[in-house]
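Dumped my_file-v1.txt below, it's compact mmCIF, C-alpha atoms:
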# COMPACT_ATOMS: atom_id res chain seq x y z
CA MET C 1 57.87 9.94 60.38
CA ASN C 2 60.15 9.47 57.42
CA SER C 3 63.14 8.62 59.57
CA SER C 4 64.00 7.81 63.15
CA ILE C 5 66.54 10.65 63.06
CA SER C 6 65.00 14.11 63.29
CA VAL C 7 66.20 16.71 60.79
CA PRO C 8 65.74 20.50 60.94
CA ILE C 9 62.25 21.46 59.83
CA GLU C 10 62.25 23.32 56.52
CA ARG C 11 58.58 23.82 55.75
CA TYR C 12 55.16 23.56 57.37
CA TRP C 13 52.19 22.44 55.25
CA GLY C 14 48.58 23.06 56.27
CA ILE C 15 45.90 20.80 54.81
CA ASP C 16 42.16 21.49 54.61
CA LEU C 17 40.79 18.02 53.92
CA HIS C 18 37.50 17.40 52.13
CA LYS C 19 35.72 14.29 50.87
CA HIS C 20 37.13 14.33 47.32
CA TYR C 21 39.85 16.97 47.41
CA LEU C 22 42.12 18.95 49.72
CA VAL C 23 43.50 22.48 49.86
CA VAL C 24 47.20 22.72 50.67
CA GLY C 25 49.35 25.73 51.57
CA GLY C 26 52.85 26.03 53.01
CA VAL C 27 55.28 28.32 54.81
CA ASN C 28 58.96 27.95 55.60
CA ALA C 29 60.64 28.19 59.00
CA LYS C 30 60.68 32.00 58.67
CA GLN C 31 56.88 32.04 58.22
CA GLU C 32 57.31 33.02 54.56
CA ILE C 33 54.74 31.62 52.11
CA VAL C 34 56.17 28.92 49.87
CA LEU C 35 52.82 27.87 48.39
CA SER C 36 49.57 29.80 48.38
CA PRO C 37 46.47 27.66 49.02
CA ARG C 38 45.94 25.26 46.14
CA ARG C 39 43.29 22.62 45.48
CA VAL C 40 44.50 19.07 44.83
CA ASP C 41 42.17 16.13 44.11
CA LEU C 42 42.63 13.29 46.60
CA ASP C 43 43.37 10.74 43.89
CA VAL C 44 46.18 13.00 42.66
CA TRP C 45 47.57 13.73 46.14
CA PRO C 46 49.99 10.76 46.42
CA LYS C 47 51.77 11.74 43.21
CA TRP C 48 51.72 15.45 44.09
CA ALA C 49 53.06 14.78 47.58
CA GLN C 50 55.93 12.60 46.33
CA ALA C 51 56.99 15.39 43.98
CA GLN C 52 56.61 18.32 46.40
CA LEU C 53 57.24 17.13 49.96
CA THR C 54 60.60 16.37 51.59
CA PRO C 55 61.74 14.44 54.70
CA ALA C 56 62.32 17.82 56.41
CA ASP C 57 58.67 18.90 56.13
CA VAL C 58 55.89 18.86 58.72
CA VAL C 59 52.26 18.46 57.60
CA VAL C 60 49.27 19.50 59.72
CA VAL C 61 45.79 18.26 58.88
CA GLU C 62 42.48 18.75 60.68
CA ALA C 63 40.95 15.69 62.33
CA THR C 64 38.16 14.56 59.97
CA THR C 65 36.67 11.25 58.85
CA ASN C 66 39.37 10.48 56.27
CA ALA C 67 42.28 12.11 58.12
CA TRP C 68 43.92 8.80 59.02
CA ASP C 69 43.85 7.52 55.43
CA PHE C 70 45.59 10.75 54.50
CA TYR C 71 48.06 10.17 57.36
CA ASP C 72 48.97 6.69 56.10
CA VAL C 73 49.68 7.98 52.60
CA THR C 74 51.61 11.08 53.64
CA SER C 75 53.60 10.18 56.77
CA PRO C 76 56.28 8.11 54.96
CA LEU C 77 57.19 11.17 52.88
CA VAL C 78 57.78 13.75 55.64
CA GLN C 79 59.30 14.19 59.07
CA ARG C 80 55.92 14.35 60.81
CA VAL C 81 52.18 14.47 60.11
CA VAL C 82 50.13 16.14 62.84
CA VAL C 83 46.40 15.41 62.99
CA ALA C 84 44.99 18.38 64.87
CA ASN C 85 41.63 19.34 66.32
CA ALA C 86 41.12 22.75 64.72
CA ALA C 87 38.95 23.96 67.58
CA LYS C 88 41.82 23.38 70.03
CA ILE C 89 44.81 24.73 68.09
CA ALA C 90 44.75 28.12 69.80
CA LEU C 91 44.35 26.45 73.20
CA ILE C 92 47.29 24.13 72.50
CA ALA C 93 49.52 27.08 71.58
CA LYS C 94 48.50 28.96 74.74
CA ASN C 95 49.12 25.91 76.93
CA ARG C 96 52.60 25.43 75.48
CA LEU C 97 53.47 29.07 76.15
CA GLN C 98 52.15 28.79 79.71
CA SER C 99 54.23 25.63 80.25
CA LEU C 100 57.34 27.40 79.01
CA LEU C 101 56.86 30.14 81.61
CA HIS C 102 56.28 27.61 84.39
CA ARG C 103 59.47 25.71 83.53
CA HIS C 104 61.52 28.87 83.86
CA HIS C 105 59.56 30.29 86.83
CA LEU C 106 58.60 33.38 84.85
CA VAL C 107 55.64 35.61 85.68
CA LEU C 108 53.19 36.66 83.00
CA PRO C 109 52.93 40.37 82.20
CA SER C 110 49.79 42.16 83.33
CA GLY C 111 46.81 42.23 81.01
CA HIS C 112 46.40 39.80 78.12
CA PRO C 113 49.87 38.23 77.71
CA PHE C 114 49.44 37.08 74.10
CA THR C 115 48.66 40.40 72.44
CA ALA C 116 51.11 42.24 70.16
CA ILE C 117 51.86 44.83 72.86
CA HIS C 118 53.73 42.17 74.87
CA ARG C 119 55.72 40.71 71.93
CA ALA C 120 58.91 42.50 72.98
CA TRP C 121 58.60 40.92 76.44
CA TRP C 122 58.40 37.43 74.96
CA ASP C 123 61.42 38.13 72.72
CA THR C 124 63.62 38.89 75.74
CA LEU C 125 62.88 35.70 77.69
CA PRO C 126 66.00 33.73 78.73
CA VAL C 127 65.17 30.46 76.94
CA SER C 128 67.10 28.05 74.74
CA PRO C 129 67.22 28.49 70.93
CA THR C 130 64.88 25.53 70.45
CA GLU C 131 62.39 26.90 72.97
CA ARG C 132 62.63 30.31 71.31
CA LEU C 133 61.75 28.78 67.95
CA HIS C 134 58.70 27.03 69.42
CA LEU C 135 57.76 30.25 71.23
CA LYS C 136 57.97 32.20 67.97
CA HIS C 137 55.80 29.69 66.14
CA ASP C 138 53.17 29.54 68.88
CA LEU C 139 52.91 33.33 69.03
CA ALA C 140 52.63 33.45 65.24
CA THR C 141 49.86 30.84 65.36
CA LEU C 142 47.91 32.84 67.94
CA ALA C 143 48.39 36.08 65.98
CA GLN C 144 47.15 34.48 62.78
CA LEU C 145 44.13 32.91 64.49
CA ASN C 146 43.26 36.16 66.27
CA THR C 147 43.36 38.00 62.95
CA GLN C 148 41.13 35.44 61.31
CA VAL C 149 38.67 35.46 64.21
CA ALA C 150 38.49 39.27 64.06
CA GLU C 151 37.85 39.16 60.31
CA ILE C 152 35.08 36.60 60.81
CA ASP C 153 33.51 38.70 63.58
CA ASP C 154 33.55 41.78 61.33
CA GLU C 155 31.94 39.87 58.48
CA VAL C 156 29.25 38.39 60.73
CA GLN C 157 28.45 41.87 62.05
CA ARG C 158 28.23 43.24 58.51
CA VAL C 159 26.03 40.42 57.22
CA SER C 160 23.69 40.71 60.22
CA CYS C 161 22.67 44.15 58.96
CA VAL C 162 21.82 43.25 55.36
CA VAL C 163 18.75 41.59 53.85
CA PRO C 164 17.53 38.95 54.49
CA TRP C 165 19.39 38.46 57.79
CA SER C 166 18.67 41.93 59.18
CA LYS C 167 14.93 41.15 59.17
CA ARG C 168 15.40 37.89 61.08
CA VAL C 169 18.35 38.21 63.43
CA THR C 170 16.49 40.51 65.85
CA TYR C 171 13.94 37.79 66.59
CA LEU C 172 16.74 35.43 67.66
CA ILE C 173 18.89 37.88 69.60
CA GLN C 174 15.87 38.61 71.84
CA LEU C 175 15.97 34.99 73.05
CA PRO C 176 17.98 34.01 76.16
CA GLY C 177 21.29 32.33 75.40
CA ILE C 178 21.50 33.59 71.82
CA GLY C 179 24.03 36.25 70.83
CA LEU C 180 24.94 37.51 67.37
CA ILE C 181 27.29 34.66 66.40
CA THR C 182 24.86 32.00 67.59
CA ALA C 183 21.94 33.76 65.90
CA MET C 184 23.73 33.92 62.56
CA THR C 185 24.83 30.28 62.87
CA ILE C 186 21.25 29.19 63.47
CA LEU C 187 19.87 31.33 60.65
CA SER C 188 22.47 30.12 58.16
CA ALA C 189 21.52 26.52 58.95
CA ILE C 190 17.77 27.09 58.87
CA GLY C 191 17.59 29.37 55.84
CA ASP C 192 14.02 30.37 55.00
CA ILE C 193 11.83 29.38 57.96
CA THR C 194 8.83 28.90 55.64
CA ARG C 195 10.49 25.70 54.44
CA PHE C 196 9.26 24.14 57.68
CA GLU C 197 5.48 23.95 57.89
CA HIS C 198 5.58 22.80 61.50
CA ALA C 199 8.08 23.16 64.36
CA LYS C 200 8.38 19.36 64.43
CA GLU C 201 9.89 19.44 60.93
CA LEU C 202 12.56 21.90 62.07
CA VAL C 203 13.35 19.74 65.11
CA GLY C 204 13.82 16.75 62.82
CA TYR C 205 15.98 18.81 60.45
CA ALA C 206 18.28 19.65 63.36
CA GLY C 207 18.51 16.00 64.43
CA LEU C 208 16.99 16.80 67.82
CA GLY C 209 13.97 14.56 67.39
CA ALA C 210 13.83 11.24 69.22
CA SER C 211 14.60 8.13 67.22
CA VAL C 212 11.81 5.55 66.92
CA HIS C 213 12.22 1.78 67.27
CA ASP C 214 9.29 -0.07 65.75
CA SER C 215 9.39 -3.88 65.29
CA GLY C 216 5.70 -4.33 64.62
CA GLN C 217 5.12 -5.59 68.15
CA THR C 218 6.83 -2.82 70.08
CA HIS C 219 7.00 0.92 69.56
CA ARG C 220 9.35 3.04 71.62
CA THR C 221 11.40 6.21 71.30
CA GLY C 222 15.12 6.43 71.93
CA ARG C 223 17.89 9.01 71.85
CA ILE C 224 17.92 11.95 69.46
CA THR C 225 18.61 10.99 65.85
CA LYS C 226 21.66 13.26 65.30
CA GLN C 227 20.93 12.96 61.59
CA GLY C 228 20.42 16.67 60.92
CA ARG C 229 22.62 19.75 60.85
CA LYS C 230 25.44 19.24 63.34
CA GLU C 231 26.35 22.94 63.59
CA LEU C 232 22.70 23.72 64.36
CA ARG C 233 22.60 21.19 67.21
CA THR C 234 25.90 22.50 68.59
CA ALA C 235 24.70 26.11 68.51
CA LEU C 236 21.42 25.18 70.21
CA ALA C 237 23.16 23.19 72.95
CA GLU C 238 25.44 26.15 73.72
CA ALA C 239 22.45 28.49 73.71
CA ALA C 240 20.57 26.13 76.03
CA TRP C 241 23.37 26.12 78.62
CA SER C 242 23.49 29.91 78.56
CA ALA C 243 19.69 30.20 78.72
CA VAL C 244 19.39 28.05 81.85
CA GLU C 245 22.07 30.17 83.52
CA TYR C 246 20.65 33.62 82.76
CA SER C 247 16.92 33.13 82.23
CA GLY C 248 14.62 32.44 85.15
CA PHE C 249 12.09 30.72 82.90
CA TRP C 250 14.60 28.34 81.30
CA LYS C 251 16.36 27.70 84.61
CA ALA C 252 13.08 26.57 86.13
CA GLU C 253 12.36 24.39 83.11
CA PHE C 254 15.82 22.81 83.35
CA GLU C 255 15.34 22.07 87.05
CA ARG C 256 11.94 20.52 86.33
CA LEU C 257 13.42 18.25 83.66
CA GLY C 258 16.35 17.44 85.92
CA ARG C 259 14.04 15.67 88.37
CA ARG C 260 13.61 12.80 85.90
CA LEU C 261 16.50 13.19 83.43
CA ASP C 262 20.25 13.39 83.80
CA GLN C 263 21.87 16.76 83.13
CA MET C 264 22.88 16.11 79.51
CA LYS C 265 19.47 14.76 78.50
CA ALA C 266 17.83 17.72 80.21
CA ILE C 267 19.93 20.23 78.27
CA VAL C 268 19.13 18.44 74.99
CA ALA C 269 15.45 18.77 75.89
CA ILE C 270 15.97 22.50 76.55
CA ALA C 271 17.73 22.86 73.17
CA ARG C 272 14.78 21.15 71.48
CA LYS C 273 12.25 23.39 73.24
CA LEU C 274 14.33 26.46 72.38
CA LEU C 275 14.27 25.44 68.70
CA VAL C 276 10.48 25.20 68.84
CA VAL C 277 10.42 28.76 70.23
CA ILE C 278 12.73 29.84 67.40
CA TRP C 279 10.32 28.39 64.85
CA HIS C 280 7.41 30.30 66.39
CA VAL C 281 9.13 33.70 66.67
CA LEU C 282 10.57 33.50 63.14
CA THR C 283 7.32 32.26 61.61
CA ALA C 284 5.07 34.80 63.34
CA GLN C 285 7.79 37.50 63.60
CA VAL C 286 6.92 38.25 67.19
CA ALA C 287 8.65 38.63 70.52
CA ASP C 288 9.09 35.65 72.82
CA ARG C 289 6.20 35.61 75.31
CA HIS C 290 8.72 35.03 78.14
CA ALA C 291 11.01 37.89 77.04
CA ASP C 292 12.68 39.95 79.76
CA VAL C 293 12.63 43.46 78.28
CA GLN C 294 15.67 44.66 80.23
CA GLN C 295 17.74 41.68 79.10
CA VAL C 296 16.60 42.07 75.49
CA ALA C 297 17.46 45.78 75.48
CA THR C 298 20.89 45.04 76.96
CA LYS C 299 21.62 42.46 74.26
CA LEU C 300 20.49 44.93 71.58
CA MET C 301 22.83 47.53 73.07
CA ARG C 302 25.81 45.14 72.86
CA TRP C 303 24.88 44.33 69.27
CA SER C 304 24.74 48.04 68.43
CA TRP C 305 28.19 48.60 69.91
CA SER C 306 29.68 46.02 67.54
CA LEU C 307 28.30 47.84 64.49
CA THR C 308 29.41 50.91 62.61
CA GLU C 309 27.06 53.85 62.25
CA ALA C 310 26.47 52.87 58.63
CA GLN C 311 25.61 49.31 59.67
CA ARG C 312 23.12 50.73 62.18
CA GLY C 313 21.46 52.57 59.31
CA GLY C 314 22.67 55.94 60.53
CA LEU C 315 21.12 55.47 63.96
CA THR C 316 22.87 56.06 67.24
CA SER C 317 23.14 53.18 69.68
CA ARG C 318 20.17 54.50 71.70
CA GLN C 319 18.08 54.85 68.54
CA PHE C 320 19.09 51.42 67.25
CA ILE C 321 17.94 49.77 70.50
CA ARG C 322 14.54 51.47 70.29
CA TYR C 323 14.19 50.65 66.58
CA GLN C 324 14.64 46.94 67.28
CA LEU C 325 12.32 47.05 70.31
CA VAL C 326 9.60 48.61 68.15
CA ARG C 327 10.05 45.79 65.64
CA LEU C 328 9.59 43.32 68.47
CA GLN C 329 6.69 45.34 69.92
CA LEU C 330 8.46 45.30 73.28
CA GLY C 331 9.29 47.88 75.91
CA ASP C 332 7.11 50.79 74.79
CA ASP C 333 7.34 52.24 78.31
CA LEU C 334 11.07 51.52 78.73
CA THR C 335 13.13 54.72 78.91
CA HIS C 336 16.39 53.43 80.44
CA LEU C 337 18.21 50.14 80.75
CA ARG C 338 20.43 49.01 83.59
CA TYR C 339 24.05 48.36 82.67
CA GLY C 340 26.88 48.58 85.17
CA ASN C 341 26.47 51.23 87.83
CA MET C 342 24.50 53.72 85.79
CA PRO C 343 21.24 53.66 83.83
CA ARG C 344 21.51 54.25 80.09
CA ARG C 345 18.84 56.17 78.27
CA ILE C 346 17.30 54.80 75.09
CA ALA C 347 15.60 56.87 72.42
CA SER C 348 11.87 57.42 72.41
CA ILE C 349 9.54 55.78 69.92
CA GLU C 350 8.71 59.18 68.44
CA GLU C 351 12.38 60.02 67.91
CA VAL C 352 13.05 56.79 66.05
CA LEU C 353 9.89 56.90 63.94
CA SER C 354 10.79 60.41 62.84
CA LEU C 355 14.00 58.97 61.38
CA LYS C 356 12.80 55.57 60.19
CA PRO C 357 9.48 54.31 58.85
CA GLU C 358 7.36 52.07 61.05
CA PRO C 359 9.64 49.01 61.50
CA ARG C 360 6.76 46.55 61.56
CA ARG C 361 5.75 47.48 58.01
CA ASP C 362 8.88 46.01 56.41
CA ALA C 363 9.47 43.16 58.87

Can you present the structure in this file as structure tokens?
Amino acid sequence: MNSSISVPIERYWGIDLHKHYLVVGGVNAKQEIVLSPRRVDLDVWPKWAQAQLTPADVVVVEATTNAWDFYDVTSPLVQRVVVANAAKIALIAKNRLQSLLHRHHLVLPSGHPFTAIHRAWWDTLPVSPTERLHLKHDLATLAQLNTQVAEIDDEVQRVSCVVPWSKRVTYLIQLPGIGLITAMTILSAIGDITRFEHAKELVGYAGLGASVHDSGQTHRTGRITKQGRKELRTALAEAAWSAVEYSGFWKAEFERLGRRLDQMKAIVAIARKLLVVIWHVLTAQVADRHADVQQVATKLMRWSWSLTEAQRGGLTSRQFIRYQLVRLQLGDDLTHLRYGNMPRRIASIEEVLSLKPEPRRDA
């Protein structure tokens, strides 16, 4: 802090910190933009900050490797520097709003309380001016994050239907624990699967291979190296947890590993095995030999619902499901899938092939 005496906050600055530069943008207390995002080299930042920041400003920066060096340089110039975990910002805002309601013994409205439809309800709450200001800022933060998340979801859905991703994503979505976001995260990290001649190379690239300690007299393996793509390891760990919950095959494998490993080591082993399966299905462009056709069809249905008709290539949802199943060479005799309390019909192979060429030809 610049001073032991707090002054009214004038502006909020958001910092996206990188190794050699940062991107800075700012808004005032009315959420009006005072500076559109601008790149500033880190060696120039001290001079820029002295000229632009005031003791009434608050700066928020994501927690990264060099965040605390940035903090030391910047904190004397402003009222407060907040080092935030970006993944938890929305959760923090929600928790603060929940705490506000608990303090005043207020009951949340029905449905999702943080959507725009309930904004008028929040505006009428009997709270102090300071609490109202915090409430306004937290709601604005959630609204902005929700908008950004929706935009990202839309873009991921669009990209999943264009070359080269459209020819690969199906082979990942068929796997237990992997939805569209996870599939696209994995594919973006892997790139062209032909870069990896063997599955072992892909495991090493992800940092999921065991480290080796070799002194000349002893040779032993240790924990995973964690020297590869962090986002790939994270996506695989999340997929592994989901796979052991919903797939009978992976649940049994997890329980088998759990007899000699603790839970976390067992899930890392599942993530590694799942990555080996990913290498095989992408390399050979085939269905997983343990695939549950009903589960695969259901996942394809959910994917189809997130797409526009144009993104589905002009196909209906029923036709899109069949088209992808034909590509996977799965479920030729499947006519309906179970979802909720009623079966849902899927298109026949003949119907789809009359509209689209044989999917396997361009896979």

Provide the CA of Gly314 (chain C) to CA of Gln295 (chain C) distance in Å, to one decimal place. 23.9 Å

Any idea what's packed within 12 Å of Gly248 (chain C), counting only C-alpha atoms, ignoring anything in its chain fewer than 3 positions away? Could you give it as an MDAnalysis selection string? chainID C and resid 176:177 242:245 251:255 290:292 295

Give me, as a Markdown table, each residue of region 139-222 of chain C that comes within 12 Å of region 20-34 of chain C, together with its shortest interatomic pair and the distance in Å at one decimal, counting all atoms listed in the file, with rows ordered by chain and rising residue number.
| residue | atom | partner | partner_atom | distance |
| --- | --- | --- | --- | --- |
| C:Leu139 | CA | C:Gln31 | CA | 11.6 |
| C:Ala140 | CA | C:Gln31 | CA | 8.3 |
| C:Thr141 | CA | C:Gln31 | CA | 10.1 |
| C:Gln144 | CA | C:Gln31 | CA | 11.0 |

Would you kindly return, as JSON, numbers by chain, each protein, DNA or RNA residue with an atom no farther than 12 Å from any atom of Leu325 (chain C), considering only C-alpha atoms and excluding same-chain residues fewer than 4 positions away? {"C": [170, 171, 173, 174, 286, 287, 291, 292, 293, 294, 295, 296, 297, 298, 299, 300, 301, 318, 319, 320, 321, 329, 330, 331, 332, 333, 334, 335, 346, 347, 348, 349, 352, 353, 358, 359, 360]}

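Interatomic distance, CA of Ala56 (chain C) to CA of His104 (chain C): 29.6 Å.
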
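CA of Leu145 (chain C) to CA of Thr54 (chain C) spans 26.7 Å [interatomic distance, one decimal].
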
Taking every listed atom of region 118-124 of chain C and adding 5 Å to each side, what centre and edge lengths in Å (one decimal) does the axis-aligned box have, as AutoDock Vina command-line options?
--center_x 58.7 --center_y 40.0 --center_z 74.2 --size_x 19.9 --size_y 15.1 --size_z 14.5

Taking (17.8, 19.6, 72.9) in the file's own coordinates, collect the residues within 12 Å, counting only C-alpha atoms, and hand them back as a compact mmCIF listing (two decimals) with C-alpha atoms, keeping the file's coordinate frame.
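What ended up in part.txt:
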# COMPACT_ATOMS: atom_id res chain seq x y z
CA VAL C 203 13.35 19.74 65.11
CA GLY C 204 13.82 16.75 62.82
CA ALA C 206 18.28 19.65 63.36
CA GLY C 207 18.51 16.00 64.43
CA LEU C 208 16.99 16.80 67.82
CA GLY C 209 13.97 14.56 67.39
CA ALA C 210 13.83 11.24 69.22
CA ARG C 223 17.89 9.01 71.85
CA ILE C 224 17.92 11.95 69.46
CA THR C 225 18.61 10.99 65.85
CA LYS C 226 21.66 13.26 65.30
CA LEU C 232 22.70 23.72 64.36
CA ARG C 233 22.60 21.19 67.21
CA THR C 234 25.90 22.50 68.59
CA ALA C 235 24.70 26.11 68.51
CA LEU C 236 21.42 25.18 70.21
CA ALA C 237 23.16 23.19 72.95
CA GLU C 238 25.44 26.15 73.72
CA ALA C 239 22.45 28.49 73.71
CA ALA C 240 20.57 26.13 76.03
CA TRP C 241 23.37 26.12 78.62
CA PHE C 254 15.82 22.81 83.35
CA LEU C 257 13.42 18.25 83.66
CA GLN C 263 21.87 16.76 83.13
CA MET C 264 22.88 16.11 79.51
CA LYS C 265 19.47 14.76 78.50
CA ALA C 266 17.83 17.72 80.21
CA ILE C 267 19.93 20.23 78.27
CA VAL C 268 19.13 18.44 74.99
CA ALA C 269 15.45 18.77 75.89
CA ILE C 270 15.97 22.50 76.55
CA ALA C 271 17.73 22.86 73.17
CA ARG C 272 14.78 21.15 71.48
CA LYS C 273 12.25 23.39 73.24
CA LEU C 274 14.33 26.46 72.38
CA LEU C 275 14.27 25.44 68.70
CA VAL C 276 10.48 25.20 68.84

N, CA and C atoms modelled onto region 183-207 of chain C, as an mmCIF file, keeping the file's coordinate frame:
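Output below, filename selection-v4.cif:
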data_model
loop_
_atom_site.group_PDB
_atom_site.id
_atom_site.type_symbol
_atom_site.label_atom_id
_atom_site.label_comp_id
_atom_site.auth_asym_id
_atom_site.auth_seq_id
_atom_site.Cartn_x
_atom_site.Cartn_y
_atom_site.Cartn_z
ATOM 1 N N ALA C 183 23.109 33.444 66.718
ATOM 2 C CA ALA C 183 21.940 33.760 65.900
ATOM 3 C C ALA C 183 22.242 33.559 64.416
ATOM 4 N N MET C 184 23.388 34.041 63.972
ATOM 5 C CA MET C 184 23.730 33.920 62.560
ATOM 6 C C MET C 184 24.024 32.466 62.187
ATOM 7 N N THR C 185 24.595 31.703 63.120
ATOM 8 C CA THR C 185 24.830 30.280 62.870
ATOM 9 C C THR C 185 23.510 29.546 62.683
ATOM 10 N N ILE C 186 22.560 29.830 63.548
ATOM 11 C CA ILE C 186 21.250 29.190 63.470
ATOM 12 C C ILE C 186 20.533 29.580 62.181
ATOM 13 N N LEU C 187 20.559 30.867 61.854
ATOM 14 C CA LEU C 187 19.870 31.330 60.650
ATOM 15 C C LEU C 187 20.491 30.759 59.384
ATOM 16 N N SER C 188 21.818 30.666 59.363
ATOM 17 C CA SER C 188 22.470 30.120 58.160
ATOM 18 C C SER C 188 22.121 28.655 57.957
ATOM 19 N N ALA C 189 21.897 27.933 59.060
ATOM 20 C CA ALA C 189 21.520 26.520 58.950
ATOM 21 C C ALA C 189 20.057 26.353 58.585
ATOM 22 N N ILE C 190 19.203 27.215 59.130
ATOM 23 C CA ILE C 190 17.770 27.090 58.870
ATOM 24 C C ILE C 190 17.384 27.612 57.489
ATOM 25 N N GLY C 191 17.985 28.752 57.095
ATOM 26 C CA GLY C 191 17.590 29.370 55.840
ATOM 27 C C GLY C 191 16.216 30.016 55.981
ATOM 28 N N ASP C 192 15.372 29.807 54.996
ATOM 29 C CA ASP C 192 14.020 30.370 55.000
ATOM 30 C C ASP C 192 13.130 29.521 55.920
ATOM 31 N N ILE C 193 12.611 30.123 56.967
ATOM 32 C CA ILE C 193 11.830 29.380 57.960
ATOM 33 C C ILE C 193 10.552 28.815 57.356
ATOM 34 N N THR C 194 10.067 29.398 56.254
ATOM 35 C CA THR C 194 8.830 28.900 55.640
ATOM 36 C C THR C 194 9.019 27.531 55.006
ATOM 37 N N ARG C 195 10.262 27.060 54.926
ATOM 38 C CA ARG C 195 10.490 25.700 54.440
ATOM 39 C C ARG C 195 9.903 24.666 55.397
ATOM 40 N N PHE C 196 9.715 25.063 56.657
ATOM 41 C CA PHE C 196 9.260 24.140 57.680
ATOM 42 C C PHE C 196 7.825 24.495 58.070
ATOM 43 N N GLU C 197 6.886 23.664 57.648
ATOM 44 C CA GLU C 197 5.480 23.950 57.890
ATOM 45 C C GLU C 197 5.133 23.860 59.368
ATOM 46 N N HIS C 198 5.816 22.975 60.077
ATOM 47 C CA HIS C 198 5.580 22.800 61.500
ATOM 48 C C HIS C 198 6.919 22.815 62.248
ATOM 49 N N ALA C 199 6.863 23.155 63.543
ATOM 50 C CA ALA C 199 8.080 23.160 64.360
ATOM 51 C C ALA C 199 8.707 21.775 64.414
ATOM 52 N N LYS C 200 7.879 20.736 64.381
ATOM 53 C CA LYS C 200 8.380 19.360 64.430
ATOM 54 C C LYS C 200 9.309 19.067 63.265
ATOM 55 N N GLU C 201 9.031 19.645 62.096
ATOM 56 C CA GLU C 201 9.890 19.440 60.930
ATOM 57 C C GLU C 201 11.261 20.068 61.154
ATOM 58 N N LEU C 202 11.290 21.235 61.781
ATOM 59 C CA LEU C 202 12.560 21.900 62.070
ATOM 60 C C LEU C 202 13.361 21.112 63.105
ATOM 61 N N VAL C 203 12.680 20.570 64.103
ATOM 62 C CA VAL C 203 13.350 19.740 65.110
ATOM 63 C C VAL C 203 13.988 18.520 64.458
ATOM 64 N N GLY C 204 13.266 17.888 63.532
ATOM 65 C CA GLY C 204 13.820 16.750 62.820
ATOM 66 C C GLY C 204 14.984 17.141 61.937
ATOM 67 N N TYR C 205 14.902 18.302 61.307
ATOM 68 C CA TYR C 205 15.980 18.810 60.450
ATOM 69 C C TYR C 205 17.264 19.010 61.255
ATOM 70 N N ALA C 206 17.111 19.424 62.509
ATOM 71 C CA ALA C 206 18.280 19.650 63.360
ATOM 72 C C ALA C 206 18.823 18.363 63.965
ATOM 73 N N GLY C 207 18.077 17.253 63.826
ATOM 74 C CA GLY C 207 18.510 16.000 64.430
ATOM 75 C C GLY C 207 18.260 15.948 65.922
#
